[in-house]
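S.K.: Enclosed is the structure file structure_1.cif (mmCIF, C-alpha atoms).
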```cif
data_work
loop_
_atom_site.group_PDB
_atom_site.id
_atom_site.type_symbol
_atom_site.label_atom_id
_atom_site.label_comp_id
_atom_site.auth_asym_id
_atom_site.auth_seq_id
_atom_site.Cartn_x
_atom_site.Cartn_y
_atom_site.Cartn_z
ATOM 1 C CA MET A 16 0.000 0.000 0.000
ATOM 2 C CA ARG A 17 1.395 3.371 -0.959
ATOM 3 C CA ILE A 18 -0.051 6.852 -0.373
ATOM 4 C CA THR A 19 1.730 9.780 -1.985
ATOM 5 C CA ILE A 20 0.739 13.431 -1.694
ATOM 6 C CA GLN A 21 2.915 15.630 -3.859
ATOM 7 C CA SER A 22 2.999 18.907 -5.745
ATOM 8 C CA GLU A 23 5.194 17.518 -8.539
ATOM 9 C CA PRO A 24 3.687 15.978 -11.678
ATOM 10 C CA PHE A 25 3.668 12.180 -11.957
ATOM 11 C CA ASP A 26 3.949 9.857 -14.940
ATOM 12 C CA MET A 27 0.823 7.684 -14.953
ATOM 13 C CA GLY A 28 2.395 5.127 -17.292
ATOM 14 C CA ALA A 29 5.518 4.725 -15.177
ATOM 15 C CA GLU A 30 3.445 4.554 -11.981
ATOM 16 C CA SER A 31 1.114 1.931 -13.466
ATOM 17 C CA ASN A 32 4.006 -0.208 -14.663
ATOM 18 C CA ALA A 33 5.843 -0.006 -11.347
ATOM 19 C CA PHE A 34 2.658 -0.884 -9.464
ATOM 20 C CA ALA A 35 1.897 -3.848 -11.737
ATOM 21 C CA THR A 36 5.476 -5.137 -11.455
ATOM 22 C CA SER A 37 5.449 -5.048 -7.653
ATOM 23 C CA ALA A 38 1.979 -6.646 -7.327
ATOM 24 C CA LYS A 39 3.187 -10.205 -7.750
ATOM 25 C CA GLY A 40 0.474 -12.843 -7.918
ATOM 26 C CA ALA A 41 -2.253 -10.413 -8.970
ATOM 27 C CA GLY A 42 -4.298 -11.346 -12.010
ATOM 28 C CA ALA A 43 -5.970 -7.950 -12.335
ATOM 29 C CA ILE A 44 -4.718 -4.382 -12.124
ATOM 30 C CA VAL A 45 -7.193 -1.490 -12.284
ATOM 31 C CA THR A 46 -5.958 2.079 -12.539
ATOM 32 C CA PHE A 47 -7.843 5.352 -12.659
ATOM 33 C CA THR A 48 -6.279 8.745 -13.380
ATOM 34 C CA GLY A 49 -8.052 12.070 -12.877
ATOM 35 C CA ILE A 50 -7.050 14.856 -15.269
ATOM 36 C CA THR A 51 -7.433 18.626 -14.831
ATOM 37 C CA ARG A 52 -10.506 19.448 -16.923
ATOM 38 C CA ASP A 53 -11.082 22.808 -18.608
ATOM 39 C CA ASN A 54 -13.972 24.861 -17.225
ATOM 40 C CA ALA A 55 -17.305 25.378 -18.992
ATOM 41 C CA GLN A 56 -16.072 28.610 -20.632
ATOM 42 C CA GLY A 57 -12.932 26.902 -21.908
ATOM 43 C CA ASP A 58 -10.626 29.525 -20.367
ATOM 44 C CA LEU A 59 -9.127 27.709 -17.365
ATOM 45 C CA GLN A 60 -5.578 28.846 -16.709
ATOM 46 C CA VAL A 61 -4.671 27.145 -13.449
ATOM 47 C CA MET A 62 -6.294 24.711 -11.032
ATOM 48 C CA GLU A 63 -5.109 25.394 -7.497
ATOM 49 C CA ILE A 64 -5.449 22.487 -5.107
ATOM 50 C CA GLU A 65 -5.223 23.165 -1.392
ATOM 51 C CA HIS A 66 -5.014 20.419 1.212
ATOM 52 C CA TYR A 67 -4.747 19.899 4.948
ATOM 53 C CA PRO A 68 -1.238 18.546 5.622
ATOM 54 C CA GLY A 69 -1.387 15.870 8.288
ATOM 55 C CA MET A 70 -5.077 15.143 7.966
ATOM 56 C CA THR A 71 -4.714 14.364 4.256
ATOM 57 C CA GLU A 72 -2.227 11.559 4.935
ATOM 58 C CA ARG A 73 -4.411 10.126 7.703
ATOM 59 C CA ALA A 74 -7.625 10.319 5.673
ATOM 60 C CA LEU A 75 -6.085 8.653 2.610
ATOM 61 C CA THR A 76 -4.468 5.944 4.731
ATOM 62 C CA ASP A 77 -7.804 5.200 6.428
ATOM 63 C CA ILE A 78 -9.579 5.013 3.067
ATOM 64 C CA ALA A 79 -6.907 2.715 1.591
ATOM 65 C CA GLU A 80 -6.809 0.457 4.677
ATOM 66 C CA THR A 81 -10.587 0.075 4.592
ATOM 67 C CA ALA A 82 -10.399 -0.925 0.926
ATOM 68 C CA MET A 83 -7.643 -3.469 1.666
ATOM 69 C CA GLN A 84 -9.797 -5.055 4.381
ATOM 70 C CA ARG A 85 -13.027 -4.996 2.457
ATOM 71 C CA TRP A 86 -11.827 -6.513 -0.812
ATOM 72 C CA GLN A 87 -9.302 -9.180 -1.623
ATOM 73 C CA LEU A 88 -6.517 -6.876 -2.740
ATOM 74 C CA ASP A 89 -2.831 -7.623 -3.113
ATOM 75 C CA ASP A 90 -1.980 -3.944 -3.119
ATOM 76 C CA CYS A 91 -3.332 -0.457 -3.663
ATOM 77 C CA LEU A 92 -1.884 2.923 -4.573
ATOM 78 C CA ILE A 93 -3.115 6.501 -4.184
ATOM 79 C CA ILE A 94 -1.249 9.492 -5.631
ATOM 80 C CA HIS A 95 -2.814 12.944 -5.204
ATOM 81 C CA ARG A 96 -1.295 16.272 -6.190
ATOM 82 C CA TYR A 97 -1.706 19.699 -4.648
ATOM 83 C CA GLY A 98 -0.551 23.160 -5.716
ATOM 84 C CA ARG A 99 -0.924 24.736 -9.154
ATOM 85 C CA LEU A 100 -1.965 22.467 -12.019
ATOM 86 C CA ALA A 101 -2.449 23.281 -15.688
ATOM 87 C CA PRO A 102 -5.332 21.985 -17.848
ATOM 88 C CA GLN A 103 -4.585 18.386 -18.958
ATOM 89 C CA ASP A 104 -2.276 17.753 -15.985
ATOM 90 C CA PRO A 105 -2.941 14.524 -14.110
ATOM 91 C CA ILE A 106 -4.348 15.399 -10.658
ATOM 92 C CA MET A 107 -4.451 12.002 -9.003
ATOM 93 C CA MET A 108 -4.462 8.291 -9.609
ATOM 94 C CA VAL A 109 -5.524 5.159 -7.818
ATOM 95 C CA ALA A 110 -4.476 1.623 -8.619
ATOM 96 C CA THR A 111 -5.652 -1.680 -7.199
ATOM 97 C CA ALA A 112 -4.282 -5.189 -7.654
ATOM 98 C CA SER A 113 -6.253 -8.350 -7.035
ATOM 99 C CA ARG A 114 -6.443 -11.969 -8.124
ATOM 100 C CA HIS A 115 -9.633 -11.240 -10.062
ATOM 101 C CA ARG A 116 -11.022 -8.122 -11.662
ATOM 102 C CA ALA A 117 -14.269 -7.705 -9.688
ATOM 103 C CA ASP A 118 -12.484 -6.799 -6.451
ATOM 104 C CA ALA A 119 -9.969 -4.575 -8.257
ATOM 105 C CA PHE A 120 -12.728 -2.587 -9.992
ATOM 106 C CA ALA A 121 -14.938 -2.273 -6.910
ATOM 107 C CA ALA A 122 -12.054 -1.198 -4.666
ATOM 108 C CA ALA A 123 -10.887 1.408 -7.216
ATOM 109 C CA GLU A 124 -14.400 2.878 -7.346
ATOM 110 C CA TYR A 125 -14.577 2.911 -3.572
ATOM 111 C CA LEU A 126 -11.230 4.714 -3.336
ATOM 112 C CA MET A 127 -12.408 7.299 -5.873
ATOM 113 C CA ASP A 128 -15.762 7.893 -4.176
ATOM 114 C CA TYR A 129 -14.116 8.475 -0.806
ATOM 115 C CA LEU A 130 -11.324 10.619 -2.254
ATOM 116 C CA LYS A 131 -13.944 12.933 -3.747
ATOM 117 C CA SER A 132 -15.812 13.711 -0.542
ATOM 118 C CA ARG A 133 -13.765 12.564 2.449
ATOM 119 C CA ALA A 134 -10.196 13.597 1.677
ATOM 120 C CA PRO A 135 -9.350 17.200 2.654
ATOM 121 C CA PHE A 136 -8.607 18.709 -0.741
ATOM 122 C CA TRP A 137 -10.201 21.836 -2.205
ATOM 123 C CA LYS A 138 -9.990 22.938 -5.822
ATOM 124 C CA LYS A 139 -9.987 26.513 -7.071
ATOM 125 C CA GLU A 140 -10.294 27.321 -10.752
ATOM 126 C CA ILE A 141 -8.330 30.349 -11.916
ATOM 127 C CA ALA A 142 -9.653 31.394 -15.330
ATOM 128 C CA LYS A 143 -9.511 34.446 -17.584
ATOM 129 C CA SER A 144 -13.118 35.092 -16.538
ATOM 130 C CA GLY A 145 -12.273 34.997 -12.802
ATOM 131 C CA ALA A 146 -11.435 32.664 -9.926
ATOM 132 C CA SER A 147 -13.884 30.378 -8.144
ATOM 133 C CA TRP A 148 -13.819 27.487 -5.693
ATOM 134 C CA VAL A 149 -15.163 24.255 -7.118
ATOM 135 C CA ALA A 150 -18.378 23.337 -5.277
ATOM 136 C CA ALA A 151 -18.883 19.840 -3.928
ATOM 137 C CA ARG A 152 -21.515 17.974 -5.928
ATOM 138 C CA ASP A 153 -24.504 16.253 -4.318
ATOM 139 C CA VAL A 154 -23.993 13.311 -6.655
ATOM 140 C CA ASP A 155 -20.525 12.727 -5.156
ATOM 141 C CA GLU A 156 -21.908 12.731 -1.617
ATOM 142 C CA ALA A 157 -24.746 10.417 -2.694
ATOM 143 C CA ALA A 158 -22.217 8.019 -4.241
ATOM 144 C CA LEU A 159 -20.923 7.134 -0.757
ATOM 145 C CA LYS A 160 -24.261 5.562 0.160
ATOM 146 C CA ARG A 161 -23.693 2.589 -2.122
ATOM 147 C CA TRP A 162 -20.816 1.408 0.072
ATOM 148 C CA MET B 6 -5.931 27.845 24.007
ATOM 149 C CA ILE B 7 -6.984 25.936 20.945
ATOM 150 C CA ASP B 8 -5.560 26.063 17.404
ATOM 151 C CA VAL B 9 -8.182 26.861 14.783
ATOM 152 C CA VAL B 10 -7.340 26.316 11.116
ATOM 153 C CA TYR B 11 -9.314 27.349 8.043
ATOM 154 C CA PHE B 12 -9.206 26.176 4.449
ATOM 155 C CA ALA B 13 -10.361 27.284 1.001
ATOM 156 C CA TRP B 14 -13.004 30.048 0.958
ATOM 157 C CA VAL B 15 -13.395 29.910 4.746
ATOM 158 C CA ARG B 16 -9.715 30.873 5.006
ATOM 159 C CA GLU B 17 -10.165 33.619 2.415
ATOM 160 C CA ARG B 18 -13.225 35.130 4.130
ATOM 161 C CA ILE B 19 -11.610 35.111 7.551
ATOM 162 C CA GLY B 20 -8.326 36.351 6.125
ATOM 163 C CA LEU B 21 -5.946 33.963 7.854
ATOM 164 C CA PRO B 22 -5.068 30.266 7.705
ATOM 165 C CA ARG B 23 -4.588 29.585 11.421
ATOM 166 C CA GLU B 24 -4.967 31.244 14.779
ATOM 167 C CA GLN B 25 -4.954 30.472 18.467
ATOM 168 C CA VAL B 26 -8.220 31.089 20.237
ATOM 169 C CA GLU B 27 -8.801 31.461 23.951
ATOM 170 C CA THR B 28 -12.164 29.820 24.471
ATOM 171 C CA SER B 29 -14.257 27.881 26.919
ATOM 172 C CA ALA B 30 -16.647 26.670 24.181
ATOM 173 C CA ALA B 31 -17.944 23.175 24.896
ATOM 174 C CA THR B 32 -18.605 22.168 21.273
ATOM 175 C CA VAL B 33 -17.614 23.160 17.748
ATOM 176 C CA ALA B 34 -21.005 24.868 17.349
ATOM 177 C CA ASP B 35 -20.341 26.934 20.483
ATOM 178 C CA LEU B 36 -16.934 27.954 19.156
ATOM 179 C CA ILE B 37 -18.479 29.012 15.830
ATOM 180 C CA THR B 38 -21.119 31.084 17.641
ATOM 181 C CA GLU B 39 -18.423 32.682 19.774
ATOM 182 C CA LEU B 40 -16.231 33.594 16.783
ATOM 183 C CA SER B 41 -19.233 34.839 14.766
ATOM 184 C CA ALA B 42 -20.101 37.269 17.568
ATOM 185 C CA ARG B 43 -16.549 38.558 17.584
ATOM 186 C CA GLU B 44 -16.293 40.045 14.068
ATOM 187 C CA ASP B 45 -18.292 40.264 10.853
ATOM 188 C CA ARG B 46 -15.755 38.324 8.802
ATOM 189 C CA TYR B 47 -16.376 35.276 10.999
ATOM 190 C CA ALA B 48 -20.140 35.742 10.878
ATOM 191 C CA MET B 49 -19.913 35.902 7.059
ATOM 192 C CA ALA B 50 -17.704 32.831 6.786
ATOM 193 C CA PHE B 51 -19.899 30.812 9.160
ATOM 194 C CA ALA B 52 -23.320 32.110 8.002
ATOM 195 C CA ASP B 53 -24.416 28.791 6.477
ATOM 196 C CA LEU B 54 -23.440 25.789 8.574
ATOM 197 C CA SER B 55 -24.708 23.394 5.893
ATOM 198 C CA SER B 56 -21.814 24.535 3.692
ATOM 199 C CA LEU B 57 -19.201 23.862 6.379
ATOM 200 C CA ARG B 58 -17.408 20.753 7.564
ATOM 201 C CA VAL B 59 -15.247 20.347 10.659
ATOM 202 C CA ALA B 60 -12.378 18.198 11.841
ATOM 203 C CA LEU B 61 -11.066 17.784 15.383
ATOM 204 C CA ASP B 62 -7.394 16.844 15.703
ATOM 205 C CA GLN B 63 -7.495 15.969 12.007
ATOM 206 C CA GLU B 64 -10.477 13.603 12.139
ATOM 207 C CA LEU B 65 -13.839 14.558 10.618
ATOM 208 C CA ALA B 66 -16.318 15.527 13.330
ATOM 209 C CA GLU B 67 -19.787 17.013 13.858
ATOM 210 C CA PHE B 68 -20.856 20.475 15.009
ATOM 211 C CA ASP B 69 -22.014 19.050 18.322
ATOM 212 C CA SER B 70 -18.723 17.202 18.939
ATOM 213 C CA PRO B 71 -17.153 18.186 22.292
ATOM 214 C CA LEU B 72 -13.943 20.224 22.324
ATOM 215 C CA ALA B 73 -12.626 18.829 25.622
ATOM 216 C CA GLY B 74 -9.022 17.669 25.136
ATOM 217 C CA ILE B 75 -8.909 18.815 21.501
ATOM 218 C CA ARG B 76 -5.837 20.729 20.317
ATOM 219 C CA GLU B 77 -6.774 21.594 16.735
ATOM 220 C CA VAL B 78 -10.129 22.500 15.205
ATOM 221 C CA ALA B 79 -10.397 22.799 11.421
ATOM 222 C CA ILE B 80 -13.283 24.507 9.656
ATOM 223 C CA PHE B 81 -13.633 24.207 5.887
ATOM 224 C CA PRO B 82 -16.063 23.797 2.974
ATOM 225 C CA PRO B 83 -17.142 20.368 1.698
ATOM 226 C CA MET B 84 -14.088 18.634 0.261
ATOM 227 C CA THR B 85 -13.479 18.356 -3.471
ATOM 228 C CA GLY B 86 -10.739 15.802 -3.926
ATOM 229 C CA GLY B 87 -10.221 13.336 -6.725
#
```
Translate this file's structure into structure tokens.
M.R.:
Amino acid sequence: MRITIQSEPFDMGAESNAFATSAKGAGAIVTFTGITRDNAQGDLQVMEIEHYPGMTERALTDIAETAMQRWQLDDCLIIHRYGRLAPQDPIMMVATASRHRADAFAAAEYLMDYLKSRAPFWKKEIAKSGASWVAARDVDEAALKRW
Amino acid sequence: MIDVVYFAWVRERIGLPREQVETSAATVADLITELSAREDRYAMAFADLSSLRVALDQELAEFDSPLAGIREVAIFPPMTGG
């Protein structure tokens, strides 16, 4: 299990390969990468991500440990960036390794759902048309109920 | 004394990321009421409790959670990770 919180960019291909190589015995690897999306006006310049140092590490570790207990996983990975990101930059990724794909998919979705609403990150969009904090979406909160 | 930390637009409205507060508030809600009475910028930041979340010593908590023994209170908007 690895949790990394960093401001630097990461290489999703290299991270996926390294994760797959270390997850010996797994028959299924699922990865998800979140990318900085342009805003509705198409004029996003920077996405600023703020986090709560200390709590972020604890929250992500709790989420990952719960996933490891709940599903039959060989390993899981969470990388999440903070700081200033440009459109198209990878923001975060999760990866899960399991003997079979069902657990790997379900655990990856669980990690994503909890990262959205229970990990202390906040996004601010800086655009030509102005700056605004990204609002939490009801659909993301509702997604937690399925677990 | 208790450390109070703010994030995102709560931090911007209050105008600082962290402060030490001398308080005898029993719960988070009491602390918020106390700060709101102190200055307008707090009252504005805390006007709508449904748009706030809190953590005590870096664990998510509720507004009626007790502050006894707590060193750090964090007040922030709903999180938008992922």
S.K.: With all atoms listed in the file as the atoms that count, which of B:Ala60, B:Met84, B:Ile75, B:Val26 lies nearest to chain A?
M.R.: B:Met84
S.K.: List the spatial neighbours of Asn54 (chain A) as a list in words - criterion: any atom at most 10 Å away, all atoms listed in the file, same-chain residues fewer than 2 positions off excluded.
M.R.: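 Residues near the query, excluding close chain neighbours: Thr51, Arg52, Gln56, Gly57, Asp58, Leu59, Gln60, Met62, Pro102, Glu140, Ile141 and Ala142 of chain A.
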S.K.: Using C-alpha atoms, can you export the residues from the last selection as a short mmCIF file (atom, residue, chain, number, x, y, z; two decimals), in the coordinates of the input?
M.R.:
```cif
data_model
loop_
_atom_site.label_atom_id
_atom_site.label_comp_id
_atom_site.auth_asym_id
_atom_site.auth_seq_id
_atom_site.Cartn_x
_atom_site.Cartn_y
_atom_site.Cartn_z
CA THR A 51 -7.43 18.63 -14.83
CA ARG A 52 -10.51 19.45 -16.92
CA GLN A 56 -16.07 28.61 -20.63
CA GLY A 57 -12.93 26.90 -21.91
CA ASP A 58 -10.63 29.52 -20.37
CA LEU A 59 -9.13 27.71 -17.36
CA GLN A 60 -5.58 28.85 -16.71
CA MET A 62 -6.29 24.71 -11.03
CA PRO A 102 -5.33 21.98 -17.85
CA GLU A 140 -10.29 27.32 -10.75
CA ILE A 141 -8.33 30.35 -11.92
CA ALA A 142 -9.65 31.39 -15.33
#
```
S.K.: Find the residues near Gly86 (chain B): any atom within 6 Å, counting all atoms listed in the file, skip ones fewer than 2 places away on the same chain, and give them as a ChimeraX atom specification.
M.R.: /A:130-131,136
S.K.: What does the distance from CA of Gly98 (chain A) to CA of Ile20 (chain A) come to in Å, to one decimal?
M.R.: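 Distance reported for this atom pair: 10.6 Å.
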S.K.: Dump as a count of residues only the residues of chain B that approach chain A to within 8 Å, counting all atoms listed in the file.
M.R.: 10
S.K.: Could you list, as JSON, numbers by chain, every residue matched by the PyMOL selection byres ((chain A and resi 79-90) around 6) in this structure?
M.R.: {"A": [16, 76, 77, 78, 91, 111, 112, 113, 118, 122]}
S.K.: Provide the CA of Met49 (chain B) to CA of Val78 (chain B) distance in Å, to one decimal place.
M.R.: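 For CA of Met49 (chain B) relative to CA of Val78 (chain B), the distance reads 18.5 Å.
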S.K.: One decimal, Å: what's the distance from CA of Asp62 (chain B) over to CA of Leu40 (chain B), could you say?
M.R.: 19.0 Å
S.K.: Give me the result of the PyMOL selection byres ((chain A and resi 42) around 6) on this file, residue by residue, as a ChimeraX atom specification.
M.R.: /A:41,43,114-115
S.K.: Measuring between only C-alpha atoms, which one of B:Leu61, B:Leu54, B:Ala48, B:Leu72 shows the shortest distance to Ile19 (chain B)?
M.R.: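 Using only C-alpha atoms, the shortest distance to Ile19 (chain B) belongs to B:Ala48.
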S.K.: Excluding Glu24 (chain B) and any residue of its chain fewer than 5 positions from it, enumerate the residues within 9 Å of it, using all atoms listed in the file, and give them as number ranges by chain.
M.R.: B: 7-11
S.K.: Given the file shown, determine the residues that the PyMOL selection byres ((chain B and resi 30-38) around 7) selects; report them as a list in words.
M.R.: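 This file gives the following for the PyMOL selection byres ((chain B and resi 30-38) around 7): Thr28, Ser29, Glu39, Leu40, Ser41, Ala42, Phe68, Asp69, Ser70, Pro71, Leu72 and Ala73 of chain B.
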S.K.: Taking all atoms listed in the file into account, name the residue in A:Asn32, A:Ser37, A:Ser22, A:Thr46 that is nearest to Asp104 (chain A).
M.R.: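 Selected residue with least distance to Asp104 (chain A): A:Ser22.
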S.K.: With distances taken over all atoms listed in the file, which residue among B:Gln25, B:Arg76, B:Glu67, B:Val15 lies nearest Arg46 (chain B)?
M.R.: B:Val15
S.K.: For Ala79 (chain B), which residue out of B:Val59, B:Ala52, B:Ala66, B:Met6 is the nearest one, using all atoms listed in the file?
M.R.: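 Once distances to Ala79 (chain B) are computed over all atoms listed in the file, the minimum belongs to B:Val59.
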S.K.: Check the smallest atom-to-atom distance from each of B:Gly20, B:Ser56, B:Glu44, B:Phe51 to Pro82 (chain B) using all atoms listed in the file, then report the winner.
M.R.: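 Among the listed residues, the smallest separation from Pro82 (chain B) belongs to B:Ser56.
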S.K.: Filtering to N, CA and C atoms, could region 8-22 of chain B of the supplied structure be written out as a compact mmCIF listing (two decimals), in the first residue's frame?
M.R.:
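Saved the output as result_10.txt:
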```
# COMPACT_ATOMS: atom_id res chain seq x y z
N ASP B 8 -5.92 25.64 18.76
CA ASP B 8 -5.56 26.06 17.40
C ASP B 8 -6.78 25.91 16.51
N VAL B 9 -7.07 26.95 15.74
CA VAL B 9 -8.18 26.86 14.78
C VAL B 9 -7.61 27.10 13.39
N VAL B 10 -7.87 26.19 12.48
CA VAL B 10 -7.34 26.32 11.12
C VAL B 10 -8.50 26.38 10.13
N TYR B 11 -8.27 27.13 9.05
CA TYR B 11 -9.31 27.35 8.04
C TYR B 11 -8.76 27.00 6.67
N PHE B 12 -9.63 26.51 5.81
CA PHE B 12 -9.21 26.18 4.45
C PHE B 12 -10.15 26.75 3.41
N ALA B 13 -9.61 26.87 2.20
CA ALA B 13 -10.36 27.28 1.00
C ALA B 13 -11.08 28.62 1.23
N TRP B 14 -12.37 28.73 0.84
CA TRP B 14 -13.00 30.05 0.96
C TRP B 14 -13.26 30.47 2.40
N VAL B 15 -13.27 29.53 3.33
CA VAL B 15 -13.39 29.91 4.75
C VAL B 15 -12.14 30.69 5.15
N ARG B 16 -10.99 30.19 4.74
CA ARG B 16 -9.71 30.87 5.01
C ARG B 16 -9.69 32.26 4.35
N GLU B 17 -10.18 32.32 3.12
CA GLU B 17 -10.17 33.62 2.41
C GLU B 17 -11.09 34.63 3.10
N ARG B 18 -12.28 34.19 3.51
CA ARG B 18 -13.23 35.13 4.13
C ARG B 18 -12.73 35.61 5.48
N ILE B 19 -12.09 34.72 6.23
CA ILE B 19 -11.61 35.11 7.55
C ILE B 19 -10.29 35.88 7.44
N GLY B 20 -9.54 35.57 6.39
CA GLY B 20 -8.33 36.35 6.13
C GLY B 20 -7.07 35.80 6.78
N LEU B 21 -7.16 34.61 7.34
CA LEU B 21 -5.95 33.96 7.85
C LEU B 21 -6.13 32.45 7.89
N PRO B 22 -4.99 31.73 7.79
CA PRO B 22 -5.07 30.27 7.70
C PRO B 22 -5.16 29.58 9.06
```
